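Trainee: One file is attached below, start_20.txt, containing compact mmCIF, N, CA and C atoms.
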```txt
# COMPACT_ATOMS: atom_id res chain seq x y z
N MET A 18 19.35 -0.73 24.16
CA MET A 18 19.04 -1.65 23.07
C MET A 18 18.53 -0.87 21.87
N ASN A 19 18.83 -1.38 20.68
CA ASN A 19 18.27 -0.73 19.51
C ASN A 19 16.93 -1.36 19.17
N VAL A 20 16.15 -0.66 18.39
CA VAL A 20 14.78 -1.06 18.07
C VAL A 20 14.75 -2.38 17.32
N ASP A 21 15.63 -2.56 16.35
CA ASP A 21 15.63 -3.80 15.58
C ASP A 21 15.90 -5.01 16.47
N HIS A 22 16.79 -4.85 17.42
CA HIS A 22 17.08 -5.94 18.35
C HIS A 22 15.87 -6.24 19.23
N GLU A 23 15.23 -5.19 19.74
CA GLU A 23 14.03 -5.39 20.58
C GLU A 23 12.91 -6.05 19.80
N VAL A 24 12.74 -5.68 18.54
CA VAL A 24 11.71 -6.30 17.69
C VAL A 24 12.01 -7.79 17.51
N SER A 25 13.28 -8.13 17.30
CA SER A 25 13.63 -9.55 17.14
C SER A 25 13.38 -10.32 18.44
N LEU A 26 13.63 -9.70 19.58
CA LEU A 26 13.32 -10.34 20.86
C LEU A 26 11.81 -10.51 21.02
N LEU A 27 11.05 -9.53 20.58
CA LEU A 27 9.59 -9.61 20.65
C LEU A 27 9.08 -10.79 19.83
N VAL A 28 9.63 -10.98 18.65
CA VAL A 28 9.24 -12.11 17.79
C VAL A 28 9.46 -13.42 18.55
N GLU A 29 10.61 -13.55 19.21
CA GLU A 29 10.90 -14.78 19.97
C GLU A 29 9.92 -14.98 21.11
N GLU A 30 9.54 -13.90 21.79
CA GLU A 30 8.59 -14.01 22.91
C GLU A 30 7.19 -14.36 22.42
N ILE A 31 6.79 -13.83 21.28
CA ILE A 31 5.48 -14.18 20.71
C ILE A 31 5.47 -15.66 20.35
N LYS A 32 6.57 -16.15 19.79
CA LYS A 32 6.66 -17.57 19.46
C LYS A 32 6.59 -18.43 20.73
N ARG A 33 7.25 -17.97 21.79
CA ARG A 33 7.28 -18.72 23.05
C ARG A 33 5.92 -18.77 23.71
N LEU A 34 5.22 -17.65 23.73
CA LEU A 34 3.95 -17.55 24.46
C LEU A 34 2.72 -17.84 23.61
N GLY A 35 2.86 -17.73 22.29
CA GLY A 35 1.70 -17.82 21.41
C GLY A 35 1.39 -19.22 20.95
N SER A 36 0.35 -19.29 20.14
CA SER A 36 -0.07 -20.53 19.52
C SER A 36 -0.68 -20.21 18.16
N PRO A 37 -0.78 -21.20 17.29
CA PRO A 37 -1.33 -20.94 15.95
C PRO A 37 -2.80 -20.52 16.02
N ASN A 38 -3.14 -19.50 15.24
CA ASN A 38 -4.55 -19.07 15.15
C ASN A 38 -5.22 -19.83 14.00
N ALA A 39 -6.44 -19.44 13.66
CA ALA A 39 -7.20 -20.13 12.62
C ALA A 39 -6.50 -20.07 11.26
N GLU A 40 -5.70 -19.03 11.03
CA GLU A 40 -4.98 -18.89 9.75
C GLU A 40 -3.60 -19.52 9.79
N GLY A 41 -3.25 -20.15 10.91
CA GLY A 41 -1.96 -20.80 11.03
C GLY A 41 -0.83 -19.88 11.45
N LYS A 42 -1.15 -18.64 11.75
CA LYS A 42 -0.13 -17.68 12.20
C LYS A 42 -0.07 -17.69 13.73
N THR A 43 1.12 -17.49 14.27
CA THR A 43 1.30 -17.47 15.71
C THR A 43 0.71 -16.18 16.28
N SER A 44 -0.10 -16.33 17.32
CA SER A 44 -0.68 -15.14 17.96
C SER A 44 -0.72 -15.33 19.46
N VAL A 45 -0.75 -14.21 20.17
CA VAL A 45 -0.81 -14.20 21.63
C VAL A 45 -1.61 -12.98 22.05
N LYS A 46 -2.37 -13.10 23.11
CA LYS A 46 -3.12 -11.96 23.62
C LYS A 46 -2.16 -10.95 24.26
N PHE A 47 -2.46 -9.67 24.08
CA PHE A 47 -1.62 -8.61 24.62
C PHE A 47 -1.46 -8.76 26.13
N GLY A 48 -2.51 -9.11 26.82
CA GLY A 48 -2.45 -9.25 28.28
C GLY A 48 -1.44 -10.29 28.72
N ILE A 49 -1.33 -11.37 27.96
CA ILE A 49 -0.35 -12.42 28.28
C ILE A 49 1.07 -11.88 28.10
N LEU A 50 1.30 -11.17 27.02
CA LEU A 50 2.62 -10.56 26.80
C LEU A 50 2.95 -9.57 27.91
N PHE A 51 1.97 -8.72 28.23
CA PHE A 51 2.20 -7.65 29.20
C PHE A 51 2.47 -8.21 30.59
N GLU A 52 1.79 -9.27 30.98
CA GLU A 52 1.91 -9.82 32.33
C GLU A 52 3.07 -10.80 32.49
N ASP A 53 3.66 -11.24 31.38
CA ASP A 53 4.74 -12.22 31.45
C ASP A 53 5.98 -11.61 32.10
N THR A 54 6.52 -12.30 33.09
CA THR A 54 7.67 -11.80 33.83
C THR A 54 8.90 -11.64 32.93
N ARG A 55 9.13 -12.61 32.08
CA ARG A 55 10.29 -12.53 31.19
C ARG A 55 10.19 -11.33 30.26
N CYS A 56 9.00 -11.09 29.70
CA CYS A 56 8.80 -9.92 28.83
C CYS A 56 8.99 -8.63 29.60
N ALA A 57 8.50 -8.60 30.82
CA ALA A 57 8.64 -7.40 31.64
C ALA A 57 10.11 -7.08 31.90
N ASN A 58 10.94 -8.12 32.02
CA ASN A 58 12.37 -7.91 32.25
C ASN A 58 13.13 -7.53 30.99
N ILE A 59 12.62 -7.95 29.84
CA ILE A 59 13.31 -7.68 28.57
C ILE A 59 12.98 -6.29 28.04
N PHE A 60 11.69 -5.96 28.03
CA PHE A 60 11.24 -4.75 27.34
C PHE A 60 10.98 -3.60 28.31
N GLU A 61 11.72 -2.51 28.11
CA GLU A 61 11.47 -1.31 28.91
C GLU A 61 10.15 -0.67 28.50
N ALA A 62 9.85 -0.73 27.21
CA ALA A 62 8.63 -0.11 26.68
C ALA A 62 7.98 -1.09 25.70
N LEU A 63 7.25 -2.06 26.23
CA LEU A 63 6.63 -3.09 25.39
C LEU A 63 5.72 -2.48 24.33
N VAL A 64 4.92 -1.50 24.71
CA VAL A 64 3.98 -0.89 23.76
C VAL A 64 4.74 -0.23 22.61
N GLY A 65 5.84 0.43 22.91
CA GLY A 65 6.66 1.05 21.87
C GLY A 65 7.27 0.02 20.93
N THR A 66 7.71 -1.11 21.49
CA THR A 66 8.28 -2.18 20.68
C THR A 66 7.20 -2.80 19.80
N LEU A 67 6.00 -2.97 20.33
CA LEU A 67 4.88 -3.49 19.53
C LEU A 67 4.57 -2.55 18.37
N ARG A 68 4.53 -1.26 18.64
CA ARG A 68 4.23 -0.29 17.58
C ARG A 68 5.32 -0.30 16.50
N ALA A 69 6.59 -0.41 16.92
CA ALA A 69 7.69 -0.47 15.96
C ALA A 69 7.59 -1.72 15.09
N ALA A 70 7.26 -2.86 15.71
CA ALA A 70 7.12 -4.11 14.96
C ALA A 70 5.94 -4.04 13.99
N LYS A 71 4.86 -3.39 14.42
CA LYS A 71 3.70 -3.25 13.54
C LYS A 71 4.04 -2.35 12.34
N LYS A 72 4.76 -1.29 12.60
CA LYS A 72 5.16 -0.37 11.53
C LYS A 72 6.04 -1.08 10.50
N ARG A 73 6.85 -2.04 10.96
CA ARG A 73 7.72 -2.81 10.08
C ARG A 73 7.00 -4.01 9.45
N LYS A 74 5.71 -4.15 9.74
CA LYS A 74 4.86 -5.23 9.20
C LYS A 74 5.36 -6.62 9.62
N ILE A 75 5.88 -6.71 10.85
CA ILE A 75 6.31 -7.98 11.40
C ILE A 75 5.18 -8.60 12.22
N ILE A 76 4.38 -7.74 12.85
CA ILE A 76 3.20 -8.17 13.60
C ILE A 76 2.03 -7.31 13.18
N THR A 77 0.84 -7.72 13.62
CA THR A 77 -0.33 -6.88 13.45
C THR A 77 -1.22 -7.04 14.68
N PHE A 78 -2.00 -6.02 14.95
CA PHE A 78 -3.02 -6.06 15.99
C PHE A 78 -4.03 -4.98 15.67
N GLN A 79 -5.21 -5.13 16.25
CA GLN A 79 -6.28 -4.17 15.98
C GLN A 79 -6.00 -2.88 16.74
N GLY A 80 -6.13 -1.75 16.06
CA GLY A 80 -5.92 -0.45 16.68
C GLY A 80 -4.50 0.05 16.48
N GLU A 81 -4.24 1.22 17.03
CA GLU A 81 -2.93 1.85 16.90
C GLU A 81 -2.03 1.58 18.09
N MET A 82 -2.63 1.51 19.28
CA MET A 82 -1.87 1.36 20.51
C MET A 82 -2.63 0.44 21.45
N LEU A 83 -1.89 -0.35 22.22
CA LEU A 83 -2.51 -1.26 23.18
C LEU A 83 -2.23 -0.78 24.60
N LEU A 84 -3.26 -0.82 25.43
CA LEU A 84 -3.14 -0.39 26.82
C LEU A 84 -3.53 -1.53 27.75
N GLN A 85 -2.76 -1.66 28.84
CA GLN A 85 -3.04 -2.71 29.80
C GLN A 85 -4.47 -2.59 30.33
N GLY A 86 -5.12 -3.73 30.49
CA GLY A 86 -6.49 -3.75 30.99
C GLY A 86 -7.50 -3.62 29.87
N VAL A 87 -7.47 -2.50 29.20
CA VAL A 87 -8.43 -2.22 28.13
C VAL A 87 -8.27 -3.18 26.95
N HIS A 88 -7.03 -3.49 26.60
CA HIS A 88 -6.76 -4.28 25.41
C HIS A 88 -6.13 -5.65 25.71
N ASP A 89 -6.34 -6.17 26.91
CA ASP A 89 -5.73 -7.45 27.29
C ASP A 89 -6.11 -8.60 26.37
N ASN A 90 -7.31 -8.56 25.78
CA ASN A 90 -7.77 -9.66 24.93
C ASN A 90 -7.51 -9.45 23.44
N VAL A 91 -6.80 -8.38 23.08
CA VAL A 91 -6.47 -8.13 21.68
C VAL A 91 -5.35 -9.08 21.26
N GLU A 92 -5.55 -9.74 20.12
CA GLU A 92 -4.55 -10.67 19.60
C GLU A 92 -3.42 -9.92 18.90
N VAL A 93 -2.20 -10.27 19.27
CA VAL A 93 -1.01 -9.79 18.58
C VAL A 93 -0.57 -10.94 17.68
N VAL A 94 -0.60 -10.70 16.37
CA VAL A 94 -0.36 -11.77 15.39
C VAL A 94 0.98 -11.57 14.70
N LEU A 95 1.78 -12.63 14.70
CA LEU A 95 3.08 -12.62 14.04
C LEU A 95 2.86 -12.86 12.54
N LEU A 96 3.31 -11.93 11.71
CA LEU A 96 3.12 -12.04 10.26
C LEU A 96 4.26 -12.79 9.58
N THR A 97 5.42 -12.85 10.23
CA THR A 97 6.57 -13.56 9.70
C THR A 97 6.97 -14.66 10.68
N GLU A 98 7.55 -15.69 10.19
CA GLU A 98 7.99 -16.79 11.09
C GLU A 98 9.46 -16.85 11.16
```
Let's see the structure in the file written out as structure tokens.
Mentor:
Amino acid sequence: MNVDHEVSLLVEEIKRLGSPNAEGKTSVKFGILFEDTRCANIFEALVGTLRAAKKRKIITFQGEMLLQGVHDNVEVVLLTE
């Protein structure tokens, strides 16, 4: 898969699993994304896809990289709809 395609799939999964935050933007906790069976089957490297989407300013999250367990409660926020 190419990166742009994986990023577009990530956007769809955030929409599926997320809900509107206080600013009206769709967000989901990293732990929910990481533990989701469908996401696990789609993304070979979820963290890499998240970083690529952040670099393209499609999503945002606190920090540079998210790790399972440590960052399960970090919100991944969709910047575009």
Trainee: For Arg33 of chain A, which residue among A:Ala70, A:Val20, A:Ile49, A:Ile75 is the nearest when counting only C-alpha atoms?
Mentor: A:Ile49
Trainee: What does the structure give for the distance between atom CA of Glu98 of chain A and atom CA of Glu30 of chain A, in Å to one decimal?
Mentor: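 Straight-line distance from atom CA of Glu98 of chain A to atom CA of Glu30 of chain A works out to 12.2 Å.
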Trainee: Would you kindly return, as a list in words, each protein, DNA or RNA residue with an atom no farther than 12 Å from any atom of Asp53 of chain A, considering only C-alpha atoms and excluding same-chain residues fewer than 6 positions away?
Mentor: Glu30, Ile31, Arg33, Leu34, Gly35, Val45, Lys46, Phe47, Ile59, Phe60 and Leu63 of chain A
Trainee: With distances taken over only C-alpha atoms, which residue among A:Leu96, A:Ala39, A:Val91, A:Leu27 lies nearest Gly65 of chain A?
Mentor: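 For Gly65 of chain A, the nearest of the given residues is A:Leu27.
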Trainee: For Lys42 of chain A, find every residue with an atom within 8 Å (counting all atoms listed in the file), except residues of its own chain fewer than 5 positions away, and show them as a PyMOL selection string.
Mentor: chain A and resi 35-37+93-97
Trainee: Based on DSSP run over this structure's backbone, return all residues of chain A in helix (DSSP H, G or I), as a ChimeraX atom specification.
Mentor: /A:20-34,47-52,54-59,63-72
Trainee: Could you check how far atom C of Asn19 of chain A sits from atom CA of Lys71 of chain A, in Å to one decimal?
Mentor: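 Between these atoms lies a distance of 14.5 Å.
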Trainee: From the options A:Thr77, A:His22, A:Lys32, A:Val64, which residue's atoms come nearest to Gly48 of chain A, counting only C-alpha atoms?
Mentor: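 Comparing A:Thr77, A:His22, A:Lys32, A:Val64 against Gly48 of chain A, the winner is A:Val64.
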Trainee: Chain A: which residues are strand (DSSP E) by DSSP, as number ranges by chain?
Mentor: A: 36-37, 43-46, 76-77, 92-95
Trainee: Considering only N, CA and C atoms, return as a PDB file with N, CA and C atoms, keeping the file's coordinate frame whatever protein or nucleic-acid residues lie within 8 Å of Met82 of chain A, sequence-local ones (same chain, fewer than 4 positions apart) excluded.
Mentor:
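Now in selection21.pdb:
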```
ATOM      1  N   VAL A  64       4.920  -1.500  24.710  1.00  0.00           N
ATOM      2  CA  VAL A  64       3.980  -0.890  23.760  1.00  0.00           C
ATOM      3  C   VAL A  64       4.740  -0.230  22.610  1.00  0.00           C
ATOM      4  N   LEU A  67       6.000  -2.970  20.330  1.00  0.00           N
ATOM      5  CA  LEU A  67       4.880  -3.490  19.530  1.00  0.00           C
ATOM      6  C   LEU A  67       4.570  -2.550  18.370  1.00  0.00           C
ATOM      7  N   ARG A  68       4.530  -1.260  18.640  1.00  0.00           N
ATOM      8  CA  ARG A  68       4.230  -0.290  17.580  1.00  0.00           C
ATOM      9  C   ARG A  68       5.320  -0.300  16.500  1.00  0.00           C
ATOM     10  N   PHE A  78      -2.000  -6.020  14.950  1.00  0.00           N
ATOM     11  CA  PHE A  78      -3.020  -6.060  15.990  1.00  0.00           C
ATOM     12  C   PHE A  78      -4.030  -4.980  15.670  1.00  0.00           C
ATOM     13  N   HIS A  88      -7.030  -3.490  26.600  1.00  0.00           N
ATOM     14  CA  HIS A  88      -6.760  -4.280  25.410  1.00  0.00           C
ATOM     15  C   HIS A  88      -6.130  -5.650  25.710  1.00  0.00           C
TER      16      HIS A  88
END
```
Trainee: Grab the atom CA of Ala62 of chain A to atom CA of Leu84 of chain A distance for me, in Å with one decimal place.
Mentor: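 Taking atom CA of Ala62 of chain A as the start and atom CA of Leu84 of chain A as the end point, the length is 11.8 Å.
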Trainee: Nearest residue to Glu23 of chain A out of A:Thr66, A:Ile76, A:Thr43, A:Ala57, using only N, CA and C atoms?
Mentor: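 When distances to Glu23 of chain A are compared using only N, CA and C atoms, the smallest one comes from A:Thr66.
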Trainee: Edge lengths and centre, in Å to one decimal, as JSON: that's what I need for the box along x, y and z that holds all listed atoms of segment 18-31 of chain A plus 4 Å on each side.
Mentor:
```
{"center_x": 12.4, "center_y": -8.2, "center_z": 19.9, "size_x": 21.9, "size_y": 23.0, "size_z": 16.6}
```
Trainee: For each of A:Phe51, A:Ser44, A:Gly80, A:Cys56, take the minimum atom-to-atom distance to Glu92 of chain A, counting only C-alpha atoms, then give the residue where this is smallest.
Mentor: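 Comparing A:Phe51, A:Ser44, A:Gly80, A:Cys56 against Glu92 of chain A, the winner is A:Ser44.
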Trainee: Once N, CA, C and O atoms are restored for segment 36-49 of chain A, what would the output be as an mmCIF file, in the frame of the given file?
Mentor:
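Saved to result_5.cif:
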```cif
data_model
loop_
_atom_site.group_PDB
_atom_site.id
_atom_site.type_symbol
_atom_site.label_atom_id
_atom_site.label_comp_id
_atom_site.auth_asym_id
_atom_site.auth_seq_id
_atom_site.Cartn_x
_atom_site.Cartn_y
_atom_site.Cartn_z
ATOM 1 N N SER A 36 0.350 -19.290 20.140
ATOM 2 C CA SER A 36 -0.070 -20.530 19.520
ATOM 3 C C SER A 36 -0.680 -20.210 18.160
ATOM 4 O O SER A 36 -1.062 -19.062 17.906
ATOM 5 N N PRO A 37 -0.780 -21.200 17.290
ATOM 6 C CA PRO A 37 -1.330 -20.940 15.950
ATOM 7 C C PRO A 37 -2.800 -20.520 16.020
ATOM 8 O O PRO A 37 -3.581 -21.104 16.759
ATOM 9 N N ASN A 38 -3.140 -19.500 15.240
ATOM 10 C CA ASN A 38 -4.550 -19.070 15.150
ATOM 11 C C ASN A 38 -5.220 -19.830 14.000
ATOM 12 O O ASN A 38 -4.620 -20.727 13.415
ATOM 13 N N ALA A 39 -6.440 -19.440 13.660
ATOM 14 C CA ALA A 39 -7.200 -20.130 12.620
ATOM 15 C C ALA A 39 -6.500 -20.070 11.260
ATOM 16 O O ALA A 39 -6.680 -20.952 10.426
ATOM 17 N N GLU A 40 -5.700 -19.030 11.030
ATOM 18 C CA GLU A 40 -4.980 -18.890 9.750
ATOM 19 C C GLU A 40 -3.600 -19.520 9.790
ATOM 20 O O GLU A 40 -2.830 -19.397 8.832
ATOM 21 N N GLY A 41 -3.250 -20.150 10.910
ATOM 22 C CA GLY A 41 -1.960 -20.800 11.030
ATOM 23 C C GLY A 41 -0.830 -19.880 11.450
ATOM 24 O O GLY A 41 0.321 -20.288 11.506
ATOM 25 N N LYS A 42 -1.150 -18.640 11.750
ATOM 26 C CA LYS A 42 -0.130 -17.680 12.200
ATOM 27 C C LYS A 42 -0.070 -17.690 13.730
ATOM 28 O O LYS A 42 -1.071 -17.871 14.405
ATOM 29 N N THR A 43 1.120 -17.490 14.270
ATOM 30 C CA THR A 43 1.300 -17.470 15.710
ATOM 31 C C THR A 43 0.710 -16.180 16.280
ATOM 32 O O THR A 43 0.998 -15.098 15.783
ATOM 33 N N SER A 44 -0.100 -16.330 17.320
ATOM 34 C CA SER A 44 -0.680 -15.140 17.960
ATOM 35 C C SER A 44 -0.720 -15.330 19.460
ATOM 36 O O SER A 44 -0.715 -16.452 19.973
ATOM 37 N N VAL A 45 -0.750 -14.210 20.170
ATOM 38 C CA VAL A 45 -0.810 -14.200 21.630
ATOM 39 C C VAL A 45 -1.610 -12.980 22.050
ATOM 40 O O VAL A 45 -1.574 -11.939 21.385
ATOM 41 N N LYS A 46 -2.370 -13.100 23.110
ATOM 42 C CA LYS A 46 -3.120 -11.960 23.620
ATOM 43 C C LYS A 46 -2.160 -10.950 24.260
ATOM 44 O O LYS A 46 -1.178 -11.329 24.896
ATOM 45 N N PHE A 47 -2.460 -9.670 24.080
ATOM 46 C CA PHE A 47 -1.620 -8.610 24.620
ATOM 47 C C PHE A 47 -1.460 -8.760 26.130
ATOM 48 O O PHE A 47 -0.353 -8.575 26.656
ATOM 49 N N GLY A 48 -2.510 -9.110 26.820
ATOM 50 C CA GLY A 48 -2.450 -9.250 28.280
ATOM 51 C C GLY A 48 -1.440 -10.290 28.720
ATOM 52 O O GLY A 48 -0.754 -10.121 29.729
ATOM 53 N N ILE A 49 -1.330 -11.370 27.960
ATOM 54 C CA ILE A 49 -0.350 -12.420 28.280
ATOM 55 C C ILE A 49 1.070 -11.880 28.100
ATOM 56 O O ILE A 49 1.934 -12.101 28.952
#
```
